[in-house]
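Peer 1: Next comes model13.json, JSON, C-alpha atoms:
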[["chain", "number", "residue", "atom", "x", "y", "z"],
["A", 1, "MET", "CA", 18.02, 8.08, -21.62],
["A", 2, "SER", "CA", 16.26, 8.49, -24.94],
["A", 3, "THR", "CA", 12.54, 7.98, -25.46],
["A", 4, "CYS", "CA", 13.30, 5.03, -27.69],
["A", 5, "ALA", "CA", 15.26, 3.34, -24.90],
["A", 6, "TRP", "CA", 12.37, 3.88, -22.48],
["A", 7, "HIS", "CA", 10.03, 2.36, -25.00],
["A", 8, "ARG", "CA", 12.27, -0.68, -25.26],
["A", 9, "ILE", "CA", 12.46, -1.07, -21.48],
["A", 10, "ALA", "CA", 8.69, -0.72, -21.21],
["A", 11, "LEU", "CA", 8.13, -3.30, -23.92],
["A", 12, "LEU", "CA", 10.61, -5.64, -22.25],
["A", 13, "LEU", "CA", 8.82, -5.31, -18.91],
["A", 14, "LEU", "CA", 5.51, -5.94, -20.59],
["A", 15, "ALA", "CA", 6.92, -9.05, -22.20],
["A", 16, "VAL", "CA", 8.23, -10.28, -18.83],
["A", 17, "VAL", "CA", 4.86, -9.70, -17.16],
["A", 18, "SER", "CA", 3.11, -11.45, -20.05],
["A", 19, "LEU", "CA", 5.45, -14.41, -19.76],
["A", 20, "LEU", "CA", 4.84, -14.60, -16.01],
["A", 21, "SER", "CA", 1.10, -14.57, -16.64],
["A", 22, "LEU", "CA", 1.53, -17.26, -19.25],
["A", 23, "ALA", "CA", 3.62, -19.30, -16.85],
["A", 24, "GLY", "CA", 0.86, -18.96, -14.28],
["A", 25, "THR", "CA", -1.64, -20.25, -16.79],
["A", 26, "VAL", "CA", 0.56, -23.12, -17.77],
["A", 27, "ALA", "CA", 1.04, -23.86, -14.09],
["A", 28, "ALA", "CA", -2.56, -25.02, -13.88],
["A", 29, "LYS", "CA", -1.86, -28.59, -12.94],
["A", 30, "GLU", "CA", -2.94, -31.53, -10.87],
["A", 31, "ILE", "CA", -2.83, -31.33, -7.12],
["A", 32, "LYS", "CA", -1.95, -34.18, -4.80],
["A", 33, "LEU", "CA", -3.71, -34.11, -1.47],
["A", 34, "GLU", "CA", -4.11, -36.10, 1.70],
["A", 35, "ALA", "CA", -7.41, -36.22, 3.54],
["A", 36, "GLN", "CA", -7.73, -37.52, 7.06],
["A", 37, "LEU", "CA", -10.67, -38.10, 9.28],
["A", 38, "VAL", "CA", -9.44, -37.44, 12.81],
["A", 39, "TRP", "CA", -10.99, -37.90, 16.20],
["A", 40, "GLY", "CA", -9.95, -35.54, 18.96],
["A", 41, "THR", "CA", -10.18, -36.64, 22.58],
["A", 42, "ASN", "CA", -8.55, -36.25, 25.94],
["A", 43, "ASP", "CA", -8.35, -39.98, 26.40],
["A", 44, "GLU", "CA", -4.88, -41.34, 25.92],
["A", 45, "LYS", "CA", -6.16, -44.63, 24.57],
["A", 46, "THR", "CA", -9.16, -45.66, 22.60],
["A", 47, "ASP", "CA", -11.24, -48.78, 22.66],
["A", 48, "ASN", "CA", -10.87, -49.05, 18.92],
["A", 49, "ALA", "CA", -7.53, -50.71, 18.33],
["A", 50, "GLU", "CA", -7.60, -49.75, 14.69],
["A", 51, "LEU", "CA", -7.25, -46.09, 15.52],
["A", 52, "LYS", "CA", -3.72, -44.83, 15.70],
["A", 53, "PRO", "CA", -2.37, -41.44, 16.68],
["A", 54, "VAL", "CA", -2.02, -38.90, 13.91],
["A", 55, "THR", "CA", 1.44, -38.04, 12.62],
["A", 56, "ALA", "CA", 3.47, -35.50, 14.52],
["A", 57, "GLU", "CA", 3.04, -32.98, 11.75],
["A", 58, "VAL", "CA", -0.75, -33.20, 11.78],
["A", 59, "GLU", "CA", -0.80, -33.22, 15.57],
["A", 60, "LYS", "CA", 1.25, -30.03, 15.62],
["A", 61, "ARG", "CA", -1.23, -28.30, 13.36],
["A", 62, "LEU", "CA", -4.26, -29.51, 15.25],
["A", 63, "LYS", "CA", -2.74, -28.50, 18.53],
["A", 64, "SER", "CA", -2.14, -25.04, 17.13],
["A", 65, "LEU", "CA", -5.91, -24.65, 17.08],
["A", 66, "PRO", "CA", -7.75, -23.35, 20.14],
["A", 67, "PHE", "CA", -9.08, -26.68, 21.39],
["A", 68, "LYS", "CA", -8.75, -28.52, 24.65],
["A", 69, "TRP", "CA", -8.09, -31.95, 23.20],
["A", 70, "GLN", "CA", -4.74, -33.50, 23.88],
["A", 71, "HIS", "CA", -4.93, -36.55, 21.66],
["A", 72, "TYR", "CA", -5.87, -36.96, 18.06],
["A", 73, "PHE", "CA", -6.49, -40.33, 16.44],
["A", 74, "GLU", "CA", -6.50, -41.09, 12.77],
["A", 75, "VAL", "CA", -9.73, -42.74, 11.73],
["A", 76, "LYS", "CA", -9.06, -42.75, 8.00],
["A", 77, "ARG", "CA", -6.37, -41.40, 5.75],
["A", 78, "LYS", "CA", -6.45, -41.21, 1.97],
["A", 79, "GLN", "CA", -4.09, -39.71, -0.54],
["A", 80, "PHE", "CA", -5.45, -38.74, -3.89],
["A", 81, "THR", "CA", -4.73, -36.63, -6.93],
["A", 82, "VAL", "CA", -7.14, -34.21, -8.51],
["A", 83, "GLN", "CA", -6.61, -33.12, -12.08],
["A", 84, "HIS", "CA", -7.15, -29.50, -13.01],
["A", 85, "ALA", "CA", -10.85, -28.61, -13.17],
["A", 86, "LYS", "CA", -11.80, -32.11, -12.03],
["A", 87, "THR", "CA", -13.55, -33.24, -8.86],
["A", 88, "GLN", "CA", -12.54, -36.15, -6.68],
["A", 89, "ARG", "CA", -14.95, -37.77, -4.25],
["A", 90, "ILE", "CA", -13.39, -39.22, -1.10],
["A", 91, "ASN", "CA", -15.24, -41.42, 1.35],
["A", 92, "LEU", "CA", -13.77, -40.96, 4.79],
["A", 93, "SER", "CA", -16.45, -42.86, 6.63],
["A", 94, "LYS", "CA", -19.91, -44.25, 6.09],
["A", 95, "ASP", "CA", -21.44, -40.82, 6.53],
["A", 96, "CYS", "CA", -18.53, -38.47, 5.93],
["A", 97, "VAL", "CA", -17.62, -37.70, 2.36],
["A", 98, "ILE", "CA", -15.70, -34.85, 0.83],
["A", 99, "GLU", "CA", -15.59, -33.75, -2.77],
["A", 100, "VAL", "CA", -12.50, -31.85, -3.81],
["A", 101, "LYS", "CA", -12.41, -29.83, -6.99],
["A", 102, "ASN", "CA", -9.09, -28.57, -8.31],
["A", 103, "LEU", "CA", -9.78, -25.01, -9.44],
["A", 104, "GLU", "CA", -6.44, -23.42, -10.33],
["A", 105, "ASN", "CA", -3.29, -22.04, -8.77],
["A", 106, "ASP", "CA", -3.46, -24.46, -5.81],
["A", 107, "GLN", "CA", -7.02, -23.44, -5.07],
["A", 108, "VAL", "CA", -9.52, -26.15, -4.28],
["A", 109, "GLU", "CA", -13.22, -26.25, -3.62],
["A", 110, "VAL", "CA", -14.06, -28.65, -0.84],
["A", 111, "THR", "CA", -17.60, -29.84, -0.41],
["A", 112, "LEU", "CA", -18.39, -31.60, 2.84],
["A", 113, "LEU", "CA", -21.22, -34.10, 2.77],
["A", 114, "GLY", "CA", -22.78, -35.63, 5.83],
["A", 115, "LYS", "CA", -25.15, -38.53, 5.32],
["A", 116, "GLY", "CA", -25.20, -37.70, 1.62],
["A", 117, "GLU", "CA", -26.24, -34.10, 2.13],
["A", 118, "VAL", "CA", -24.08, -31.09, 1.46],
["A", 119, "VAL", "CA", -23.07, -29.50, 4.73],
["A", 120, "GLY", "CA", -20.87, -26.78, 3.33],
["A", 121, "ARG", "CA", -18.58, -25.71, 0.57],
["A", 122, "ILE", "CA", -15.20, -24.05, 1.01],
["A", 123, "LYS", "CA", -12.82, -22.51, -1.49],
["A", 124, "GLN", "CA", -9.30, -22.39, -0.22],
["A", 125, "LYS", "CA", -5.77, -22.15, -1.56],
["A", 126, "LEU", "CA", -3.76, -25.15, -0.53],
["A", 127, "PRO", "CA", -0.15, -24.59, -1.46],
["A", 128, "ASP", "CA", 2.58, -26.64, 0.22],
["A", 129, "GLY", "CA", 2.50, -26.19, 3.97],
["A", 130, "GLU", "CA", -1.13, -25.12, 4.07],
["A", 131, "THR", "CA", -3.78, -27.15, 5.89],
["A", 132, "LEU", "CA", -7.55, -26.93, 5.81],
["A", 133, "VAL", "CA", -9.37, -28.37, 8.79],
["A", 134, "LEU", "CA", -13.09, -28.92, 9.02],
["A", 135, "GLY", "CA", -14.37, -29.92, 12.40],
["A", 136, "GLY", "CA", -17.25, -30.25, 14.78],
["A", 137, "ASN", "CA", -18.29, -31.64, 18.11],
["A", 138, "ALA", "CA", -18.72, -35.34, 18.67],
["A", 139, "ALA", "CA", -20.00, -37.43, 21.54],
["A", 140, "ASN", "CA", -18.56, -37.37, 25.03],
["A", 141, "PHE", "CA", -16.83, -34.06, 24.66],
["A", 142, "THR", "CA", -14.78, -35.24, 21.73],
["A", 143, "GLY", "CA", -14.39, -33.78, 18.26],
["A", 144, "TRP", "CA", -14.23, -34.86, 14.66],
["A", 145, "PHE", "CA", -11.95, -33.33, 12.06],
["A", 146, "VAL", "CA", -11.36, -33.57, 8.36],
["A", 147, "VAL", "CA", -7.77, -32.54, 7.72],
["A", 148, "LEU", "CA", -6.89, -31.72, 4.13],
["A", 149, "ARG", "CA", -3.39, -30.81, 3.04],
["A", 150, "PRO", "CA", -1.18, -31.08, -0.02],
["A", 151, "VAL", "CA", 1.43, -33.81, -0.15],
["A", 152, "LYS", "CA", 4.32, -34.37, -2.50],
["B", 1, "MET", "CA", 5.60, 46.67, -87.28],
["B", 2, "LYS", "CA", 2.54, 45.97, -85.29],
["B", 3, "LEU", "CA", 2.22, 43.01, -82.96],
["B", 4, "GLU", "CA", -0.72, 41.75, -84.99],
["B", 5, "GLN", "CA", 1.44, 41.65, -88.08],
["B", 6, "VAL", "CA", 4.20, 39.79, -86.21],
["B", 7, "LEU", "CA", 1.67, 37.19, -85.01],
["B", 8, "LYS", "CA", 0.39, 36.81, -88.55],
["B", 9, "LEU", "CA", 3.90, 36.08, -89.77],
["B", 10, "GLN", "CA", 4.39, 33.52, -87.01],
["B", 11, "SER", "CA", 1.10, 31.89, -87.89],
["B", 12, "TYR", "CA", 2.07, 31.81, -91.56],
["B", 13, "LEU", "CA", 5.38, 30.20, -90.66],
["B", 14, "ASP", "CA", 3.66, 27.55, -88.49],
["B", 15, "GLY", "CA", 1.16, 26.74, -91.25],
["B", 16, "GLU", "CA", -1.78, 27.57, -89.06],
["B", 17, "MET", "CA", -3.34, 30.13, -91.37],
["B", 18, "PRO", "CA", -6.31, 29.68, -93.73],
["B", 19, "GLU", "CA", -5.47, 29.58, -97.41],
["B", 20, "ARG", "CA", -6.92, 32.98, -98.32],
["B", 21, "GLU", "CA", -4.99, 34.72, -95.52],
["B", 22, "ARG", "CA", -1.86, 32.86, -96.53],
["B", 23, "ARG", "CA", -2.09, 34.36, -99.98],
["B", 24, "ASP", "CA", -2.51, 37.83, -98.49],
["B", 25, "VAL", "CA", 0.54, 37.32, -96.20],
["B", 26, "ALA", "CA", 2.60, 35.96, -99.11],
["B", 27, "GLY", "CA", 1.76, 39.08, -101.11],
["B", 28, "TRP", "CA", 2.65, 41.22, -98.16],
["B", 29, "LEU", "CA", 6.05, 39.48, -97.79],
["B", 30, "ASP", "CA", 6.74, 40.14, -101.50],
["B", 31, "ARG", "CA", 6.02, 43.81, -101.05],
["B", 32, "GLU", "CA", 7.61, 44.53, -97.63],
["B", 33, "PRO", "CA", 11.33, 43.92, -97.10],
["B", 34, "GLN", "CA", 10.93, 44.52, -93.35],
["B", 35, "ALA", "CA", 8.35, 41.76, -93.19],
["B", 36, "ARG", "CA", 10.62, 39.44, -95.14],
["B", 37, "ALA", "CA", 13.49, 40.19, -92.75],
["B", 38, "LEU", "CA", 11.38, 39.39, -89.73],
["B", 39, "PHE", "CA", 10.01, 36.27, -91.39],
["B", 40, "ALA", "CA", 13.54, 35.13, -92.16],
["B", 41, "GLU", "CA", 14.52, 35.70, -88.53],
["B", 42, "LEU", "CA", 11.53, 33.77, -87.21],
["B", 43, "LYS", "CA", 12.26, 30.96, -89.64],
["B", 44, "THR", "CA", 15.88, 30.77, -88.50],
["B", 45, "ALA", "CA", 14.87, 30.66, -84.86],
["B", 46, "ARG", "CA", 12.32, 27.92, -85.55],
["B", 47, "GLU", "CA", 14.83, 25.81, -87.42],
["B", 48, "ALA", "CA", 17.41, 26.31, -84.69],
["B", 49, "LEU", "CA", 15.00, 25.14, -82.03],
["B", 50, "THR", "CA", 13.73, 22.19, -84.04],
["B", 51, "GLY", "CA", 17.18, 21.01, -85.08],
["B", 52, "ASN", "CA", 18.72, 21.23, -81.67],
["B", 53, "GLU", "CA", 15.96, 19.78, -79.55],
["B", 54, "PRO", "CA", 17.60, 17.25, -77.20],
["B", 55, "ALA", "CA", 16.62, 13.66, -77.83],
["B", 56, "PRO", "CA", 17.48, 11.72, -74.65],
["B", 57, "ALA", "CA", 18.50, 8.14, -75.26],
["B", 58, "LEU", "CA", 17.00, 5.73, -72.70],
["B", 59, "PRO", "CA", 19.21, 3.02, -71.28],
["B", 60, "GLU", "CA", 16.26, 0.65, -71.33],
["B", 61, "SER", "CA", 13.41, -0.24, -73.56],
["B", 62, "ARG", "CA", 10.49, 2.11, -73.95],
["B", 63, "GLU", "CA", 8.09, -0.40, -72.40],
["B", 64, "PHE", "CA", 10.29, -0.95, -69.41],
["B", 65, "TYR", "CA", 10.78, 2.79, -68.93],
["B", 66, "TRP", "CA", 7.06, 3.43, -68.85],
["B", 67, "SER", "CA", 6.39, 0.42, -66.68],
["B", 68, "LYS", "CA", 8.74, 1.94, -64.09],
["B", 69, "ILE", "CA", 6.75, 5.16, -64.19],
["B", 70, "GLU", "CA", 3.54, 3.19, -63.89],
["B", 71, "ARG", "CA", 4.84, 1.30, -60.86],
["B", 72, "GLU", "CA", 5.98, 4.50, -59.22],
["B", 73, "ILE", "CA", 2.57, 6.10, -59.73],
["B", 74, "ALA", "CA", 0.91, 3.01, -58.25],
["B", 75, "ARG", "CA", 3.29, 3.10, -55.26],
["B", 76, "LEU", "CA", 2.50, 6.75, -54.59],
["B", 77, "GLU", "CA", -1.20, 6.01, -54.79],
["B", 78, "ARG", "CA", -0.80, 3.25, -52.20],
["B", 79, "GLU", "CA", 1.15, 5.50, -49.86],
["B", 80, "PRO", "CA", -1.88, 7.09, -48.09],
["B", 81, "ALA", "CA", -3.20, 3.61, -47.26],
["B", 82, "ARG", "CA", 0.02, 2.77, -45.44],
["B", 83, "ALA", "CA", -0.09, 5.88, -43.31],
["B", 84, "PRO", "CA", -2.60, 4.45, -40.78],
["B", 85, "ARG", "CA", -0.20, 1.59, -40.06],
["B", 86, "ALA", "CA", 2.36, 4.07, -38.88],
["B", 87, "ASN", "CA", -0.31, 5.74, -36.78],
["B", 88, "LEU", "CA", -1.34, 2.38, -35.34],
["B", 89, "LEU", "CA", 2.23, 1.66, -34.32],
["B", 90, "ALA", "CA", 2.48, 5.04, -32.66],
["B", 91, "TRP", "CA", -0.84, 4.44, -30.93],
["B", 92, "LEU", "CA", 0.34, 1.04, -29.71],
["B", 93, "ARG", "CA", 3.50, 2.57, -28.35],
["B", 94, "ARG", "CA", 1.50, 5.21, -26.54],
["B", 95, "LEU", "CA", -0.66, 2.45, -25.09],
["B", 96, "LEU", "CA", 2.12, 0.03, -24.24],
["B", 97, "VAL", "CA", 4.34, 2.50, -22.44],
["B", 98, "PRO", "CA", 1.80, 3.37, -19.69],
["B", 99, "THR", "CA", 0.62, -0.25, -19.60],
["B", 100, "ALA", "CA", 4.15, -1.43, -19.00],
["B", 101, "GLY", "CA", 4.48, 1.24, -16.33],
["B", 102, "VAL", "CA", 1.38, -0.02, -14.56],
["B", 103, "ALA", "CA", 2.62, -3.61, -14.89],
["B", 104, "LEU", "CA", 5.90, -2.56, -13.32],
["B", 105, "LEU", "CA", 4.08, -0.92, -10.43],
["B", 106, "VAL", "CA", 1.95, -4.03, -9.89],
["B", 107, "LEU", "CA", 5.05, -6.18, -10.02],
["B", 108, "ALA", "CA", 6.82, -3.94, -7.53],
["B", 109, "ALA", "CA", 3.75, -3.91, -5.29],
["B", 110, "SER", "CA", 3.53, -7.69, -5.37],
["B", 111, "VAL", "CA", 7.18, -7.95, -4.36],
["B", 112, "PHE", "CA", 7.51, -5.15, -1.82],
["B", 113, "ILE", "CA", 4.04, -4.35, -0.50],
["B", 114, "TRP", "CA", 2.24, -7.69, -0.52],
["B", 115, "PRO", "CA", 2.47, -9.05, 3.03],
["B", 116, "SER", "CA", 4.30, -12.32, 3.37],
["B", 117, "GLY", "CA", 1.92, -15.22, 3.43],
["B", 118, "ALA", "CA", -0.87, -13.32, 1.75],
["B", 119, "GLY", "CA", -2.37, -15.13, -1.19],
["B", 120, "ARG", "CA", -1.94, -18.34, 0.70],
["B", 121, "GLY", "CA", -4.57, -19.90, 2.85],
["B", 122, "ALA", "CA", -6.90, -17.38, 4.44],
["B", 123, "GLY", "CA", -6.26, -14.82, 1.74],
["B", 124, "ALA", "CA", -8.19, -16.93, -0.70],
["B", 125, "PHE", "CA", -10.72, -18.42, 1.70],
["B", 126, "GLU", "CA", -14.36, -18.54, 0.77],
["B", 127, "SER", "CA", -17.09, -20.66, 2.28],
["B", 128, "SER", "CA", -20.77, -21.29, 2.10],
["B", 129, "MET", "CA", -22.30, -23.39, 4.85],
["B", 130, "ARG", "CA", -25.72, -24.75, 5.46],
["B", 131, "ASP", "CA", -24.68, -24.65, 9.09],
["B", 132, "THR", "CA", -25.36, -21.09, 10.21],
["B", 133, "GLY", "CA", -23.34, -21.70, 13.34],
["B", 134, "ALA", "CA", -20.14, -22.34, 11.39],
["B", 135, "THR", "CA", -17.14, -20.25, 12.34],
["B", 136, "THR", "CA", -13.70, -19.84, 10.84],
["B", 137, "TYR", "CA", -10.37, -19.63, 12.57],
["B", 138, "ARG", "CA", -7.03, -18.92, 10.95],
["B", 139, "ASP", "CA", -3.60, -19.76, 12.35],
["B", 140, "HIS", "CA", -1.19, -17.85, 10.14],
["B", 141, "ALA", "CA", 1.92, -19.14, 11.86],
["B", 142, "ASN", "CA", 1.15, -22.77, 11.07],
["B", 143, "GLY", "CA", -0.80, -22.16, 7.89],
["B", 144, "VAL", "CA", -3.97, -23.76, 9.21],
["B", 145, "THR", "CA", -7.50, -22.71, 8.40],
["B", 146, "LEU", "CA", -10.23, -24.19, 10.54],
["B", 147, "VAL", "CA", -13.91, -24.26, 9.71],
["B", 148, "TRP", "CA", -15.79, -25.27, 12.80],
["B", 149, "LEU", "CA", -19.29, -26.59, 12.35],
["B", 150, "SER", "CA", -22.05, -27.21, 14.81],
["B", 151, "TYR", "CA", -22.94, -30.09, 12.52],
["B", 152, "PRO", "CA", -22.65, -33.22, 14.66],
["B", 153, "ALA", "CA", -20.63, -36.27, 13.76],
["B", 154, "THR", "CA", -22.85, -39.29, 13.37],
["B", 155, "ASP", "CA", -20.58, -41.92, 11.94],
["B", 156, "HIS", "CA", -20.17, -45.15, 13.74],
["B", 157, "GLU", "CA", -16.49, -44.64, 14.56],
["B", 158, "VAL", "CA", -17.38, -41.80, 16.86],
["B", 159, "ASP", "CA", -20.03, -42.84, 19.33],
["B", 160, "TYR", "CA", -22.63, -40.13, 18.88],
["B", 161, "GLU", "CA", -25.22, -39.67, 21.53],
["B", 162, "ALA", "CA", -26.00, -36.12, 22.46],
["B", 163, "PRO", "CA", -23.37, -33.70, 21.20],
["B", 164, "PRO", "CA", -22.20, -31.04, 23.56],
["B", 165, "ARG", "CA", -21.89, -27.51, 22.27],
["B", 166, "ALA", "CA", -18.70, -26.18, 20.82],
["B", 167, "THR", "CA", -15.69, -26.53, 23.03],
["B", 168, "ARG", "CA", -13.67, -23.62, 21.74]]
Written as structure tokens, how would this file's structure read?

Peer 2:
Amino acid sequence: MSTCAWHRIALLLLAVVSLLSLAGTVAAKEIKLEAQLVWGTNDEKTDNAELKPVTAEVEKRLKSLPFKWQHYFEVKRKQFTVQHAKTQRINLSKDCVIEVKNLENDQVEVTLLGKGEVVGRIKQKLPDGETLVLGGNAANFTGWFVVLRPVK
Amino acid sequence: MKLEQVLKLQSYLDGEMPERERRDVAGWLDREPQARALFAELKTAREALTGNEPAPALPESREFYWSKIEREIARLEREPARAPRANLLAWLRRLLVPTAGVALLVLAASVFIWPSGAGRGAGAFESSMRDTGATTYRDHANGVTLVWLSYPATDHEVDYEAPPRATR
């Protein structure tokens, strides 16, 4: 193959890579997420009639984690959309708030606030099928969870 | 005949001689038949050259002809300034060829070497916690990342009294 042909192939490849990069840039878009505040317990039923079991999909993911709890109840669920480079504040309870910033390429920055104070900040890619869970111990050997995942 | 005398005759013929010398040469030509013969020969040659000098006829006007020459001179003068452009193109080619090669390698690496699932979830995880007891767990199979905090829940939905330690 002649040098000229190699040059053409190289230039073509460069153009393809450039277009892919451009497509990646253009792909910076809004992200639609679902946030849930979940309570984990071994009790089959709860005194709070408003609490209902989490969906099978969320339960499967929570049960994939190394915890003892058998039952997970949905305390609050909110779906929201975050525009690129914007931040959305979601109140999940009186004291539990998350702020989600859409960075780029499915990456989000999640800030967890407890009683109005920042507890922690996490950067995580959340493409379809990915789930971010924040959790901690609660009373009576139970647990609390914030489950964040993309929805369509 | 000496060379000096031949040159004098040529000078006389061309009219380039001072008046006094001209008179001397004229007298000499009257006296010397050999000088007259040479003078006649030089005169014939001069007339032959003058009469037969080619006079090229231009197919265009004089102004246009010279303007073409002027443009050509200007073009040749601009030529060195264009040379760096050719060098720049060559330089770009030299740069683009290895760059494209590297891009190809990166592309191939991303397709063949990058482990499946990388770039998703844990691959891009980054956290900063006020809670120094926070730990992270990753379930690759289900695509779940867990950040476990020792921070207690205090909201009213979960009856918080005295939180037990982590139950992992």

Peer 1: Please identify every residue of chain A that has at least one atom no farther than 7 Å from an atom of chain B, counting all atoms listed in the file, and for each give the shortest atom pair and the distance in Å to one decimal, arranged by chain then increasing number, as a tab-separated table.

Peer 2:
residue	atom	partner	partner_atom	distance
A:His7	CA	B:Val97	CA	6.2
A:Ala10	CA	B:Ala100	CA	5.1
A:Leu11	CA	B:Ala100	CA	6.6
A:Leu13	CA	B:Ala100	CA	6.1
A:Leu14	CA	B:Ala100	CA	5.0
A:Val17	CA	B:Ala103	CA	6.9
A:Arg61	CA	B:Asn142	CA	6.4
A:Pro66	CA	B:Arg168	CA	6.1
A:Phe67	CA	B:Arg168	CA	5.5
A:Ser93	CA	B:Asp155	CA	6.8
A:Lys94	CA	B:Asp155	CA	6.3
A:Asp95	CA	B:Asp155	CA	5.6
A:Val119	CA	B:Arg130	CA	5.5
A:Gly120	CA	B:Met129	CA	4.0
A:Arg121	CA	B:Ser128	CA	5.2
A:Ile122	CA	B:Ser127	CA	4.1
A:Lys123	CA	B:Glu126	CA	4.8
A:Gln124	CA	B:Phe125	CA	4.6
A:Lys125	CA	B:Gly121	CA	5.1
A:Leu126	CA	B:Gly121	CA	6.3
A:Pro127	CA	B:Arg120	CA	6.9
A:Gly129	CA	B:Gly143	CA	6.5
A:Glu130	CA	B:Gly143	CA	4.8
A:Thr131	CA	B:Val144	CA	4.7
A:Leu132	CA	B:Thr145	CA	5.0
A:Val133	CA	B:Leu146	CA	4.6
A:Leu134	CA	B:Val147	CA	4.8
A:Gly135	CA	B:Trp148	CA	4.9
A:Gly136	CA	B:Leu149	CA	4.8
A:Asn137	CA	B:Pro152	CA	5.8
A:Ala138	CA	B:Ala153	CA	5.3
A:Ala139	CA	B:Tyr160	CA	4.6
A:Phe141	CA	B:Pro164	CA	6.3
A:Trp144	CA	B:Ala153	CA	6.6

Peer 1: Would you put the residues from that selection into a file with C-alpha atoms, as a compact mmCIF listing (two decimals), in the frame of the given file?

Peer 2:
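Output (selection.txt):
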# COMPACT_ATOMS: atom_id res chain seq x y z
CA HIS A 7 10.03 2.36 -25.00
CA ALA A 10 8.69 -0.72 -21.21
CA LEU A 11 8.13 -3.30 -23.92
CA LEU A 13 8.82 -5.31 -18.91
CA LEU A 14 5.51 -5.94 -20.59
CA VAL A 17 4.86 -9.70 -17.16
CA ARG A 61 -1.23 -28.30 13.36
CA PRO A 66 -7.75 -23.35 20.14
CA PHE A 67 -9.08 -26.68 21.39
CA SER A 93 -16.45 -42.86 6.63
CA LYS A 94 -19.91 -44.25 6.09
CA ASP A 95 -21.44 -40.82 6.53
CA VAL A 119 -23.07 -29.50 4.73
CA GLY A 120 -20.87 -26.78 3.33
CA ARG A 121 -18.58 -25.71 0.57
CA ILE A 122 -15.20 -24.05 1.01
CA LYS A 123 -12.82 -22.51 -1.49
CA GLN A 124 -9.30 -22.39 -0.22
CA LYS A 125 -5.77 -22.15 -1.56
CA LEU A 126 -3.76 -25.15 -0.53
CA PRO A 127 -0.15 -24.59 -1.46
CA GLY A 129 2.50 -26.19 3.97
CA GLU A 130 -1.13 -25.12 4.07
CA THR A 131 -3.78 -27.15 5.89
CA LEU A 132 -7.55 -26.93 5.81
CA VAL A 133 -9.37 -28.37 8.79
CA LEU A 134 -13.09 -28.92 9.02
CA GLY A 135 -14.37 -29.92 12.40
CA GLY A 136 -17.25 -30.25 14.78
CA ASN A 137 -18.29 -31.64 18.11
CA ALA A 138 -18.72 -35.34 18.67
CA ALA A 139 -20.00 -37.43 21.54
CA PHE A 141 -16.83 -34.06 24.66
CA TRP A 144 -14.23 -34.86 14.66

Peer 1: What does the structure give for the distance between CA of Phe39 in chain B and CA of Gly15 in chain B, in Å to one decimal?

Peer 2: 13.0 Å

Peer 1: Please provide the set of residues having any atom within 12 Å of range 82-88 of chain A, restricted to only C-alpha atoms, with same-chain residues fewer than 6 positions apart removed, written as a PyMOL selection string.

Peer 2: chain A and resi 25-35+97-111+150-151

Peer 1: Please provide as a PyMOL selection string all residues within 12 Å of Lys45 in chain A, with the sequence filter that same-chain residues fewer than 6 positions apart are discarded (counting all atoms listed in the file).

Peer 2: chain A and resi 39+51-53+70-73

Peer 1: Counting all atoms listed in the file, note down every residue that has an atom within 12 Å of the point (-5.2, -41.0, 12.3) (file coordinates), as JSON, numbers by chain.

Peer 2: {"A": [34, 35, 36, 37, 38, 39, 40, 46, 48, 49, 50, 51, 52, 53, 54, 55, 56, 57, 58, 59, 62, 71, 72, 73, 74, 75, 76, 77, 78, 92, 144, 145, 146, 147]}

Peer 1: Store the residues picked out above in a file with C-alpha atoms, as a short mmCIF file (atom, residue, chain, number, x, y, z; two decimals), in the coordinates of the input.

Peer 2:
data_model
loop_
_atom_site.label_atom_id
_atom_site.label_comp_id
_atom_site.auth_asym_id
_atom_site.auth_seq_id
_atom_site.Cartn_x
_atom_site.Cartn_y
_atom_site.Cartn_z
CA GLU A 34 -4.11 -36.10 1.70
CA ALA A 35 -7.41 -36.22 3.54
CA GLN A 36 -7.73 -37.52 7.06
CA LEU A 37 -10.67 -38.10 9.28
CA VAL A 38 -9.44 -37.44 12.81
CA TRP A 39 -10.99 -37.90 16.20
CA GLY A 40 -9.95 -35.54 18.96
CA THR A 46 -9.16 -45.66 22.60
CA ASN A 48 -10.87 -49.05 18.92
CA ALA A 49 -7.53 -50.71 18.33
CA GLU A 50 -7.60 -49.75 14.69
CA LEU A 51 -7.25 -46.09 15.52
CA LYS A 52 -3.72 -44.83 15.70
CA PRO A 53 -2.37 -41.44 16.68
CA VAL A 54 -2.02 -38.90 13.91
CA THR A 55 1.44 -38.04 12.62
CA ALA A 56 3.47 -35.50 14.52
CA GLU A 57 3.04 -32.98 11.75
CA VAL A 58 -0.75 -33.20 11.78
CA GLU A 59 -0.80 -33.22 15.57
CA LEU A 62 -4.26 -29.51 15.25
CA HIS A 71 -4.93 -36.55 21.66
CA TYR A 72 -5.87 -36.96 18.06
CA PHE A 73 -6.49 -40.33 16.44
CA GLU A 74 -6.50 -41.09 12.77
CA VAL A 75 -9.73 -42.74 11.73
CA LYS A 76 -9.06 -42.75 8.00
CA ARG A 77 -6.37 -41.40 5.75
CA LYS A 78 -6.45 -41.21 1.97
CA LEU A 92 -13.77 -40.96 4.79
CA TRP A 144 -14.23 -34.86 14.66
CA PHE A 145 -11.95 -33.33 12.06
CA VAL A 146 -11.36 -33.57 8.36
CA VAL A 147 -7.77 -32.54 7.72
#

Peer 1: How far is it from CA of Leu13 in chain B to CA of Lys43 in chain B, in Å with one decimal?

Peer 2: 7.0 Å

Peer 1: Tell me which protein, DNA and RNA residues are within 12 Å of Met17 in chain B, counting all atoms listed in the file, leaving out same-chain ones fewer than 6 positions away, and put them as a ChimeraX atom specification.

Peer 2: /B:7-11,23-26
